[in-house]
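A.B. asks: One file: query-v3.txt (compact mmCIF, C-alpha atoms).
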# COMPACT_ATOMS: atom_id res chain seq x y z
CA MET W 108 -9.80 -0.26 6.94
CA ASN W 109 -6.14 -0.55 7.68
CA LEU W 110 -4.37 -3.10 5.53
CA TRP W 111 -0.84 -2.36 6.78
CA PRO W 112 -0.72 -5.02 9.55
CA ILE W 113 -1.77 -7.70 7.05
CA ILE W 114 0.81 -6.56 4.52
CA ILE W 115 3.61 -6.37 7.06
CA ILE W 116 2.87 -9.73 8.70
CA ALA W 117 2.61 -11.54 5.34
CA SER W 118 5.88 -9.94 4.21
CA VAL W 119 7.79 -10.76 7.38
CA LEU W 120 6.61 -14.37 7.29
CA ALA W 121 7.63 -14.68 3.64
CA PHE W 122 11.13 -13.47 4.44
CA ALA W 123 11.34 -15.70 7.52
CA LEU W 124 10.58 -18.76 5.39
CA LYS W 125 13.29 -17.84 2.90
CA TYR W 126 15.84 -17.17 5.64
CA THR W 127 14.99 -20.32 7.59
CA GLY W 128 15.95 -22.42 4.59
CA TYR W 129 19.52 -21.19 4.96
CA LEU W 130 19.63 -22.30 8.58
CA VAL W 131 18.09 -25.77 8.55
CA PRO W 132 20.09 -28.87 7.62
CA GLN W 133 20.05 -30.02 4.02
CA ARG W 134 18.71 -33.45 4.95
CA PHE W 135 15.18 -32.03 4.99
CA LEU W 136 15.47 -32.07 1.23
CA GLU W 137 15.75 -35.85 1.41
CA LYS W 138 12.22 -36.17 2.79
CA PRO W 139 10.04 -36.62 -0.31
CA ARG W 140 6.81 -36.27 1.64
CA PHE W 141 7.83 -32.83 2.91
CA THR W 142 8.77 -31.48 -0.50
CA ARG W 143 5.76 -33.13 -2.14
CA VAL W 144 3.27 -31.52 0.24
CA THR W 145 4.95 -28.16 -0.37
CA ASN W 146 4.70 -28.58 -4.14
CA LEU W 147 1.06 -29.61 -3.97
CA LEU W 148 0.21 -26.78 -1.56
CA THR W 149 1.36 -24.31 -4.20
CA VAL W 150 -0.73 -26.04 -6.87
CA ALA W 151 -3.82 -26.28 -4.66
CA MET W 152 -3.76 -22.66 -3.53
CA LEU W 153 -3.19 -21.33 -7.04
CA ALA W 154 -6.00 -23.50 -8.45
CA ALA W 155 -8.38 -22.32 -5.73
CA LEU W 156 -7.39 -18.73 -6.49
CA VAL W 157 -8.17 -19.29 -10.17
CA ALA W 158 -11.65 -20.53 -9.21
CA VAL W 159 -12.34 -17.68 -6.80
CA GLN W 160 -11.02 -14.97 -9.12
CA THR W 161 -12.96 -16.37 -12.07
CA LEU W 162 -16.29 -17.17 -10.43
CA GLY W 163 -16.48 -15.20 -7.20
CA ALA W 164 -18.25 -11.89 -6.70
CA GLY W 165 -18.22 -11.35 -2.99
CA GLN W 166 -20.00 -14.43 -1.71
CA ASP W 167 -21.86 -15.13 -4.94
CA VAL W 168 -20.85 -17.39 -7.78
CA VAL W 169 -21.24 -15.48 -11.03
CA LEU W 170 -20.70 -16.58 -14.62
CA ASP W 171 -19.60 -13.44 -16.46
CA ALA W 172 -17.02 -12.33 -19.02
CA ARG W 173 -14.21 -13.57 -16.78
CA VAL W 174 -15.02 -17.18 -17.68
CA PRO W 175 -14.34 -16.95 -21.45
CA ALA W 176 -11.38 -14.68 -20.69
CA VAL W 177 -9.81 -17.34 -18.47
CA LEU W 178 -10.50 -20.06 -21.05
CA VAL W 179 -8.71 -17.98 -23.69
CA ALA W 180 -5.84 -17.41 -21.27
CA ALA W 181 -5.50 -21.13 -20.56
CA GLY W 182 -5.40 -21.85 -24.30
CA LEU W 183 -2.70 -19.23 -24.85
CA PHE W 184 -0.61 -20.48 -21.94
CA ALA W 185 -0.85 -23.97 -23.44
CA LEU W 186 0.64 -22.48 -26.62
CA ARG W 187 3.45 -21.02 -24.49
CA VAL W 188 2.54 -17.42 -25.27
CA PRO W 189 4.38 -15.06 -22.86
CA PHE W 190 2.61 -14.19 -19.62
CA ILE W 191 2.21 -10.46 -20.18
CA ILE W 192 0.59 -10.97 -23.59
CA VAL W 193 -1.79 -13.60 -22.24
CA VAL W 194 -3.05 -11.51 -19.33
CA ALA W 195 -3.53 -8.55 -21.66
CA ALA W 196 -5.49 -10.79 -24.05
CA ALA W 197 -7.69 -11.97 -21.18
CA GLY W 198 -8.45 -8.37 -20.26
CA ILE W 199 -9.28 -7.51 -23.86
CA VAL W 200 -11.63 -10.51 -24.21
CA ALA W 201 -13.53 -9.42 -21.09
CA VAL W 202 -13.74 -5.78 -22.21
CA VAL W 203 -14.93 -6.67 -25.72
CA LEU W 204 -17.62 -9.07 -24.45
CA ARG W 205 -18.86 -6.39 -22.06
CA GLN W 206 -18.80 -3.65 -24.69
CA LEU W 207 -20.81 -5.85 -27.03
CA GLY W 208 -23.26 -6.38 -24.21
CA TRP W 209 -22.97 -10.15 -24.51
CA MET W 210 -21.85 -10.73 -20.94
CA ALA W 211 -21.69 -8.84 -17.67
CA MET M 216 36.57 -10.76 -10.46
CA ALA M 217 37.31 -12.52 -13.71
CA LEU M 218 34.32 -14.20 -15.26
CA THR M 219 34.68 -17.48 -17.10
CA VAL M 220 32.68 -18.24 -20.24
CA ALA M 221 30.20 -20.26 -18.16
CA ASP M 222 29.89 -17.36 -15.70
CA LYS M 223 29.10 -14.94 -18.50
CA ARG M 224 26.49 -17.29 -19.89
CA ALA M 225 24.88 -17.56 -16.45
CA LEU M 226 24.96 -13.77 -16.15
CA ARG M 227 23.23 -13.30 -19.50
CA THR M 228 20.61 -15.91 -18.67
CA GLY M 229 19.93 -14.28 -15.32
CA ILE M 230 19.51 -10.82 -16.74
CA SER M 231 17.25 -11.94 -19.60
CA VAL M 232 15.05 -13.93 -17.23
CA GLY M 233 14.97 -10.93 -14.95
CA ILE M 234 13.78 -8.59 -17.67
CA ALA M 235 11.12 -11.05 -18.88
CA VAL M 236 9.74 -11.51 -15.38
CA ALA M 237 9.92 -7.86 -14.42
CA ALA M 238 7.68 -6.90 -17.33
CA TYR M 239 4.61 -8.15 -15.63
CA GLY M 240 5.32 -6.58 -12.30
CA VAL M 241 3.25 -3.92 -14.05
CA SER M 242 0.19 -6.17 -13.87
CA PHE M 243 0.80 -6.81 -10.18
CA GLY M 244 1.06 -3.10 -9.44
CA ALA M 245 -2.12 -2.23 -11.30
CA LEU M 246 -4.12 -5.12 -9.79
CA SER M 247 -2.92 -4.32 -6.30
CA VAL M 248 -4.14 -0.74 -6.48
CA ALA M 249 -7.42 -1.99 -7.96
CA ALA M 250 -7.70 -4.38 -5.00
CA GLY M 251 -7.74 -1.43 -2.61
CA LEU M 252 -4.09 -1.14 -1.57
CA ASP M 253 -2.38 2.21 -1.92
CA ILE M 254 0.82 2.73 -3.88
CA TRP M 255 3.07 2.40 -0.81
CA GLN M 256 1.42 -0.80 0.35
CA THR M 257 1.77 -2.17 -3.16
CA CYS M 258 5.47 -1.27 -3.33
CA PHE M 259 6.04 -2.64 0.18
CA LEU M 260 4.78 -6.06 -0.94
CA SER M 261 7.17 -6.13 -3.88
CA LEU M 262 10.10 -4.83 -1.83
CA VAL M 263 9.67 -7.01 1.26
CA LEU M 264 7.41 -9.95 0.46
CA PHE M 265 8.91 -10.34 -3.03
CA SER M 266 7.35 -13.59 -4.16
CA GLY M 267 4.89 -13.38 -7.04
CA GLY M 268 2.45 -16.13 -6.12
CA SER M 269 2.15 -14.91 -2.52
CA GLN M 270 1.80 -11.28 -3.60
CA PHE M 271 -0.99 -12.07 -6.04
CA ALA M 272 -2.69 -14.19 -3.36
CA VAL M 273 -2.61 -11.38 -0.81
CA ILE M 274 -4.15 -8.82 -3.13
CA GLY M 275 -6.62 -11.32 -4.61
CA ILE M 276 -8.01 -12.25 -1.20
CA LEU M 277 -7.99 -8.67 0.10
CA ALA M 278 -9.87 -7.66 -3.05
CA SER M 279 -12.64 -10.12 -2.23
CA GLY M 280 -12.87 -9.59 1.52
CA GLY M 281 -10.98 -6.45 2.53
CA ALA M 282 -9.20 -6.25 5.88
CA ALA M 283 -11.69 -8.78 7.29
CA ALA M 284 -10.02 -11.40 5.09
CA GLY M 285 -6.62 -10.59 6.58
CA VAL M 286 -6.02 -13.96 8.22
CA PRO M 287 -6.73 -16.09 5.14
CA ALA M 288 -4.68 -13.63 3.09
CA ILE M 289 -1.68 -14.05 5.39
CA VAL M 290 -2.01 -17.82 5.68
CA SER M 291 -2.45 -18.33 1.93
CA SER M 292 0.56 -16.15 1.22
CA THR M 293 2.62 -18.11 3.73
CA PHE M 294 1.60 -21.50 2.35
CA LEU M 295 2.60 -20.32 -1.11
CA GLY M 296 5.90 -19.03 0.28
CA LEU M 297 6.85 -22.36 1.86
CA ARG M 298 8.56 -23.50 -1.30
CA ASN M 299 10.97 -20.58 -1.12
CA GLY M 300 12.26 -22.11 2.12
CA ILE M 301 13.03 -25.28 0.23
CA TYR M 302 14.79 -23.31 -2.50
CA SER M 303 16.91 -21.72 0.22
CA MET M 304 18.02 -25.15 1.41
CA ARG M 305 18.94 -25.97 -2.18
CA VAL M 306 20.92 -22.86 -2.93
CA ALA M 307 22.56 -22.49 0.51
CA PRO M 308 25.67 -24.42 -0.62
CA ILE M 309 25.81 -22.30 -3.80
CA VAL M 310 25.59 -19.02 -1.92
CA GLY M 311 28.12 -20.26 0.63
CA GLY M 312 29.25 -18.39 3.72
CA GLY M 313 30.11 -14.75 4.06
CA PRO M 314 28.95 -11.84 6.15
CA TRP M 315 25.45 -11.82 7.67
CA TRP M 316 24.14 -9.20 5.25
CA ARG M 317 25.01 -11.35 2.30
CA ARG M 318 22.89 -14.19 3.65
CA ILE M 319 19.99 -11.78 4.22
CA ALA M 320 20.28 -10.46 0.68
CA ALA M 321 20.50 -14.01 -0.68
CA ALA M 322 17.42 -15.04 1.32
CA GLN M 323 15.40 -12.13 0.01
CA ILE M 324 16.10 -13.00 -3.63
CA THR M 325 15.62 -16.76 -3.20
CA ILE M 326 12.66 -17.38 -5.48
CA ASP M 327 11.72 -19.70 -8.32
CA GLU M 328 13.79 -18.09 -11.05
CA SER M 329 17.01 -17.40 -9.16
CA THR M 330 16.98 -20.98 -7.91
CA ALA M 331 16.19 -22.40 -11.34
CA VAL M 332 18.95 -20.47 -13.10
CA ALA M 333 21.47 -21.30 -10.37
CA ILE M 334 20.93 -25.04 -10.37
CA ALA M 335 20.79 -25.18 -14.16
CA GLN M 336 24.48 -24.15 -14.31
CA GLU M 337 27.14 -26.82 -14.12
CA GLU M 338 30.13 -25.05 -12.64
CA PRO M 339 29.96 -23.82 -9.05
CA SER M 340 31.13 -20.31 -9.93
CA ALA M 341 28.50 -20.08 -12.71
CA GLN M 342 25.83 -21.28 -10.28
CA LYS M 343 26.74 -18.45 -7.95
CA VAL M 344 26.74 -15.88 -10.74
CA GLY M 345 23.42 -17.21 -12.08
CA PHE M 346 21.77 -17.00 -8.67
CA TRP M 347 22.84 -13.44 -7.93
CA ALA M 348 22.37 -12.09 -11.45
CA THR M 349 18.85 -13.49 -11.75
CA GLY M 350 17.80 -12.51 -8.24
CA ILE M 351 19.13 -8.95 -8.47
CA ALA M 352 17.80 -8.39 -12.00
CA ILE M 353 14.32 -9.54 -11.00
CA TYR M 354 14.38 -7.65 -7.72
CA ILE M 355 15.16 -4.34 -9.39
CA GLY M 356 12.94 -4.91 -12.43
CA TRP M 357 9.98 -6.27 -10.47
CA ASN M 358 10.00 -3.31 -8.08
CA VAL M 359 10.33 -0.67 -10.78
CA ALA M 360 7.54 -2.35 -12.74
CA THR M 361 5.35 -2.62 -9.64
CA PHE M 362 5.67 1.10 -9.01
CA ALA M 363 4.84 1.90 -12.63
CA GLY M 364 1.87 -0.46 -12.55
CA ALA M 365 0.58 1.05 -9.32
CA LEU M 366 0.73 4.55 -10.81
CA LEU M 367 -1.10 3.25 -13.86
CA GLY M 368 -3.68 1.45 -11.70
CA ASN M 369 -4.38 4.67 -9.87
CA LEU M 370 -5.56 6.23 -13.12
CA ILE M 371 -8.02 3.38 -13.67
CA GLY M 372 -11.21 3.62 -11.71
CA ASP M 373 -13.62 0.78 -12.34
CA VAL M 374 -11.90 -2.60 -12.31
CA SER M 375 -14.26 -4.44 -14.65
CA GLN M 376 -14.27 -1.61 -17.20
CA PHE M 377 -10.75 -2.52 -18.27
CA GLY M 378 -11.14 -6.23 -17.71
CA LEU M 379 -8.77 -6.11 -14.73
CA ASP M 380 -10.89 -8.71 -12.93
CA ALA M 381 -10.28 -11.09 -15.83
CA VAL M 382 -6.59 -10.16 -15.81
CA ALA M 383 -6.36 -11.19 -12.15
CA ALA M 384 -7.91 -14.57 -12.87
CA ALA M 385 -5.66 -15.10 -15.90
CA ALA M 386 -2.58 -14.22 -13.83
CA PHE M 387 -3.30 -17.14 -11.49
CA VAL M 388 -3.80 -19.46 -14.47
CA GLY M 389 -0.35 -18.41 -15.66
CA LEU M 390 1.24 -19.10 -12.29
CA LEU M 391 -0.47 -22.49 -12.09
CA TRP M 392 -0.03 -23.73 -15.65
CA PRO M 393 3.65 -24.76 -15.64
CA ARG M 394 3.05 -26.85 -12.50
CA LEU M 395 0.49 -29.17 -14.06
CA LYS M 396 2.84 -31.59 -15.76
CA GLN M 397 2.03 -34.55 -13.56
CA LEU M 398 -1.26 -36.32 -13.04
CA GLN M 399 -1.16 -35.88 -9.28
CA ALA M 400 -0.71 -32.11 -9.53
CA SER M 401 -3.44 -31.81 -12.16
CA VAL M 402 -5.93 -33.75 -10.04
CA VAL M 403 -5.06 -31.68 -6.96
CA ALA M 404 -5.62 -28.51 -9.01
CA MET M 405 -8.98 -29.72 -10.29
CA VAL M 406 -10.27 -30.84 -6.87
CA SER M 407 -9.02 -27.62 -5.25
CA ALA M 408 -10.72 -25.42 -7.82
CA VAL M 409 -14.05 -27.26 -7.52
CA LEU M 410 -13.89 -27.24 -3.72
CA ALA M 411 -13.13 -23.51 -3.70
CA ALA M 412 -15.98 -22.75 -6.09
CA VAL M 413 -18.43 -24.76 -3.99
CA LEU M 414 -17.32 -22.97 -0.82
CA ILE M 415 -17.61 -19.41 -2.20
CA PRO M 416 -21.30 -18.93 -1.28
CA VAL M 417 -21.11 -20.67 2.09
CA SER M 418 -17.88 -19.37 3.61
CA ALA M 419 -16.16 -16.11 4.44
CA PRO M 420 -13.89 -14.54 1.76
CA GLY M 421 -10.50 -16.21 1.68
CA VAL M 422 -11.70 -19.45 3.26
CA PRO M 423 -12.27 -21.24 -0.08
CA VAL M 424 -8.59 -20.74 -0.88
CA LEU M 425 -7.45 -21.96 2.53
CA ALA M 426 -9.63 -25.05 2.25
CA ALA M 427 -7.60 -26.10 -0.77
CA ALA M 428 -4.64 -26.69 1.55
CA VAL M 429 -6.50 -29.73 2.85
CA VAL M 430 -6.57 -31.18 -0.66
CA ALA M 431 -2.80 -30.74 -0.94
CA LEU M 432 -2.26 -32.38 2.45
CA VAL M 433 -4.45 -35.39 1.65
CA PHE M 434 -2.78 -36.04 -1.69
CA GLY M 435 0.70 -35.15 -0.49
CA LEU M 436 0.66 -37.32 2.64
CA THR M 437 -0.95 -40.36 1.01
CA ASN M 438 0.87 -39.81 -2.28
CA TRP M 439 -2.33 -40.76 -4.02
CA LEU M 440 -2.18 -40.90 -7.84
CA HIS M 441 1.57 -40.43 -7.86
CA ARG M 442 3.59 -41.69 -10.78
CA GLU M 443 7.34 -41.94 -10.78
CA PRO M 444 8.71 -38.92 -12.60
CA PRO M 445 11.40 -39.59 -15.18
CA SER M 446 14.65 -39.71 -13.28
CA GLY M 447 16.93 -36.74 -13.52
CA PRO M 448 18.81 -34.28 -11.38
CA TYR M 449 15.62 -32.45 -10.43
CA SER M 450 13.29 -35.38 -10.00
CA HIS M 451 13.23 -34.98 -6.24
CA GLY M 452 11.99 -32.11 -4.25
CA VAL M 453 10.42 -28.87 -5.28
CA GLN M 454 11.00 -28.09 -8.92
CA PRO M 455 11.75 -24.42 -9.31
CA ASP M 456 12.15 -24.80 -13.05
CA ASP M 457 8.41 -25.35 -13.20
CA SER M 458 7.56 -22.43 -11.03
CA PRO M 459 6.65 -18.98 -12.10
CA ASP M 460 7.51 -16.46 -9.49
CA PRO M 461 7.29 -13.49 -9.13
CA GLY M 462 6.26 -14.30 -12.59
CA ASP M 463 6.19 -17.06 -15.04
CA THR M 464 8.84 -17.40 -17.68
CA PRO M 465 7.09 -19.94 -19.85
CA SER M 466 9.92 -20.54 -22.27
CA PHE M 467 12.42 -20.96 -19.48
CA HIS M 468 12.92 -24.61 -18.62
CA PRO M 469 16.47 -25.41 -17.60
CA GLU M 470 15.70 -29.11 -17.23
CA HIS M 471 15.26 -29.25 -20.96
CA GLY M 472 18.40 -27.29 -21.63
CA GLU M 473 16.43 -24.30 -22.81
CA GLY M 474 17.72 -22.03 -20.11
CA THR M 475 19.49 -19.67 -22.44
CA ARG M 476 17.12 -17.44 -24.31
Any chance you could give the structure as structure tokens?

C.D. replies:
Amino acid sequence: MNLWPIIIIASVLAFALKYTGYLVPQRFLEKPRFTRVTNLLTVAMLAALVAVQTLGAGQDVVLDARVPAVLVAAGLFALRVPFIIVVAAAGIVAVVLRQLGWMA
Amino acid sequence: MALTVADKRALRTGISVGIAVAAYGVSFGALSVAAGLDIWQTCFLSLVLFSGGSQFAVIGILASGGAAAGVPAIVSSTFLGLRNGIYSMRVAPIVGGGPWWRRIAAAQITIDESTAVAIAQEEPSAQKVGFWATGIAIYIGWNVATFAGALLGNLIGDVSQFGLDAVAAAAFVGLLWPRLKQLQASVVAMVSAVLAAVLIPVSAPGVPVLAAAVVALVFGLTNWLHREPPSGPYSHGVQPDDSPDPGDTPSFHPEHGEGTR
């Protein structure tokens, strides 16, 4: 399967959004509804991605070692541990649970 | 060009933020290859798309659905990239005029961190230095790290064997976490996550993520559960200081005067 068209279109659109901001009048920033929806869009998409990445396996919902790994990650982020350490910790939690045979 | 004390401080902040963020370009590179992209496709995303949340979304959705999930991958990436457009409006006066190529370069590096560092500076010249220093440092570091991560990812076969699937999920938690300071955002996150989980078995890959946009629209347009944020210079509009992109810098919060690390 060729992924290039997807990658190129997503990239071009991302740049277009950045560039457009330099062209449109500043008064758009005064519209709270516009900026609020944008903020919440980011939150909503990221939260949905957390759910899908944690629970999804194709079109099945699976409870496996990813769930405790994500809970550990959330706890560490709450403690303001740096990103790279947290994601590594999440990976280690999943690997250990699988090695022990406790979870798939 | 002679740099003032404030300029030098902005420069140092920018470079240190850049290095911190770049470090986990490695995780993006490795996850992207694990998701089925090749090294060049992975590097293309970091070079051209260059926005962490969108990049992770593209590879996350392609990992679950392959090329068939192309449309939701593109749309999700674009929704996540909308805020960069708002950052551009914010930093346009800081970047100022100049030749066309300068505006293109500025646009490409207009992301959470460059915007946050720029607007955290008080003097106009320091704002400019902060924007460019942060943007350029992250751009170089993020791309080098992506390439290294992609090479590393190529050596790893099975994704779950090294917990990379859990790493992908944790990466999204990290991007989301700093944005959950207000009740409205937290409720939107909760509803979106539940909705997505419910939709996984009954919809095509990528659709559960897209459906979450409806949640954002409903809450955003009605302003349901909104509470007045404490007033301050950044109380209106998108708050880049809260936004991790391409990566999160958890200890970096200019609104609290912690911008210098």

A.B. asks: Taking (4.7, -15.8, 4.9) in the file's coordinates as the center, which residues reach within 12 Å of it, counting all atoms listed in the file, put as JSON, numbers by chain?

C.D. replies: {"W": [113, 114, 115, 116, 117, 118, 119, 120, 121, 122, 123, 124, 125, 126, 127], "M": [260, 263, 264, 265, 266, 268, 269, 270, 272, 273, 286, 287, 288, 289, 290, 291, 292, 293, 294, 295, 296, 297, 298, 299, 300]}

A.B. asks: Which residues, written as a compact mmCIF listing (two decimals) with C-alpha atoms, keeping the file's coordinate frame, have at least one atom at most 12 Å from Ala383 (chain M), with all atoms listed in the file counted and residues fewer than 3 positions away on the same chain left out?

C.D. replies:
# COMPACT_ATOMS: atom_id res chain seq x y z
CA LEU W 153 -3.19 -21.33 -7.04
CA LEU W 156 -7.39 -18.73 -6.49
CA VAL W 157 -8.17 -19.29 -10.17
CA ALA W 158 -11.65 -20.53 -9.21
CA VAL W 159 -12.34 -17.68 -6.80
CA GLN W 160 -11.02 -14.97 -9.12
CA THR W 161 -12.96 -16.37 -12.07
CA LEU W 162 -16.29 -17.17 -10.43
CA GLY W 163 -16.48 -15.20 -7.20
CA ARG W 173 -14.21 -13.57 -16.78
CA VAL W 174 -15.02 -17.18 -17.68
CA ALA W 176 -11.38 -14.68 -20.69
CA VAL W 177 -9.81 -17.34 -18.47
CA ALA W 180 -5.84 -17.41 -21.27
CA ILE W 191 2.21 -10.46 -20.18
CA VAL W 193 -1.79 -13.60 -22.24
CA VAL W 194 -3.05 -11.51 -19.33
CA ALA W 195 -3.53 -8.55 -21.66
CA ALA W 196 -5.49 -10.79 -24.05
CA ALA W 197 -7.69 -11.97 -21.18
CA GLY W 198 -8.45 -8.37 -20.26
CA ALA W 201 -13.53 -9.42 -21.09
CA TYR M 239 4.61 -8.15 -15.63
CA SER M 242 0.19 -6.17 -13.87
CA PHE M 243 0.80 -6.81 -10.18
CA GLY M 244 1.06 -3.10 -9.44
CA ALA M 245 -2.12 -2.23 -11.30
CA LEU M 246 -4.12 -5.12 -9.79
CA SER M 247 -2.92 -4.32 -6.30
CA ALA M 249 -7.42 -1.99 -7.96
CA ALA M 250 -7.70 -4.38 -5.00
CA GLY M 268 2.45 -16.13 -6.12
CA GLN M 270 1.80 -11.28 -3.60
CA PHE M 271 -0.99 -12.07 -6.04
CA ALA M 272 -2.69 -14.19 -3.36
CA VAL M 273 -2.61 -11.38 -0.81
CA ILE M 274 -4.15 -8.82 -3.13
CA GLY M 275 -6.62 -11.32 -4.61
CA ILE M 276 -8.01 -12.25 -1.20
CA ALA M 278 -9.87 -7.66 -3.05
CA SER M 279 -12.64 -10.12 -2.23
CA VAL M 374 -11.90 -2.60 -12.31
CA SER M 375 -14.26 -4.44 -14.65
CA PHE M 377 -10.75 -2.52 -18.27
CA GLY M 378 -11.14 -6.23 -17.71
CA LEU M 379 -8.77 -6.11 -14.73
CA ASP M 380 -10.89 -8.71 -12.93
CA ALA M 386 -2.58 -14.22 -13.83
CA PHE M 387 -3.30 -17.14 -11.49
CA VAL M 388 -3.80 -19.46 -14.47
CA GLY M 389 -0.35 -18.41 -15.66
CA LEU M 390 1.24 -19.10 -12.29

A.B. asks: Using 6 Å of padding on each side, determine the axis-aligned box around all atoms of region 162-167 of chain W present in the file and give its centre and edge lengths in Å to one decimal, as lines of an AutoDock Vina configuration file.

C.D. replies:
center_x = -19.1
center_y = -14.3
center_z = -6.1
size_x = 17.6
size_y = 17.8
size_z = 20.7

A.B. asks: Quick one: residues within 7 Å of Val144 (chain W), all atoms listed in the file, excluding same-chain residues fewer than 5 positions away - as number ranges by chain?

C.D. replies: M: 431-432, 435-436

A.B. asks: Between W:Val169, W:Gln206, W:Thr145, W:Ala211, single out the one closest to chain M, counting all atoms listed in the file.

C.D. replies: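 Using all atoms listed in the file, the shortest distance to chain M belongs to W:Thr145.
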
A.B. asks: One number please: CA of Gly280 (chain M) to CA of Ala427 (chain M), in Å, one decimal.

C.D. replies: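 Distance reported for this atom pair: 17.5 Å.
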
A.B. asks: Which residue out of M:Gln336, M:Thr437, M:Ser401, M:Ser418 has the minimum interatomic distance to Thr149 (chain W) when only C-alpha atoms are used?

C.D. replies: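 Residue with the minimum atom-to-atom distance to Thr149 (chain W): M:Ser401.
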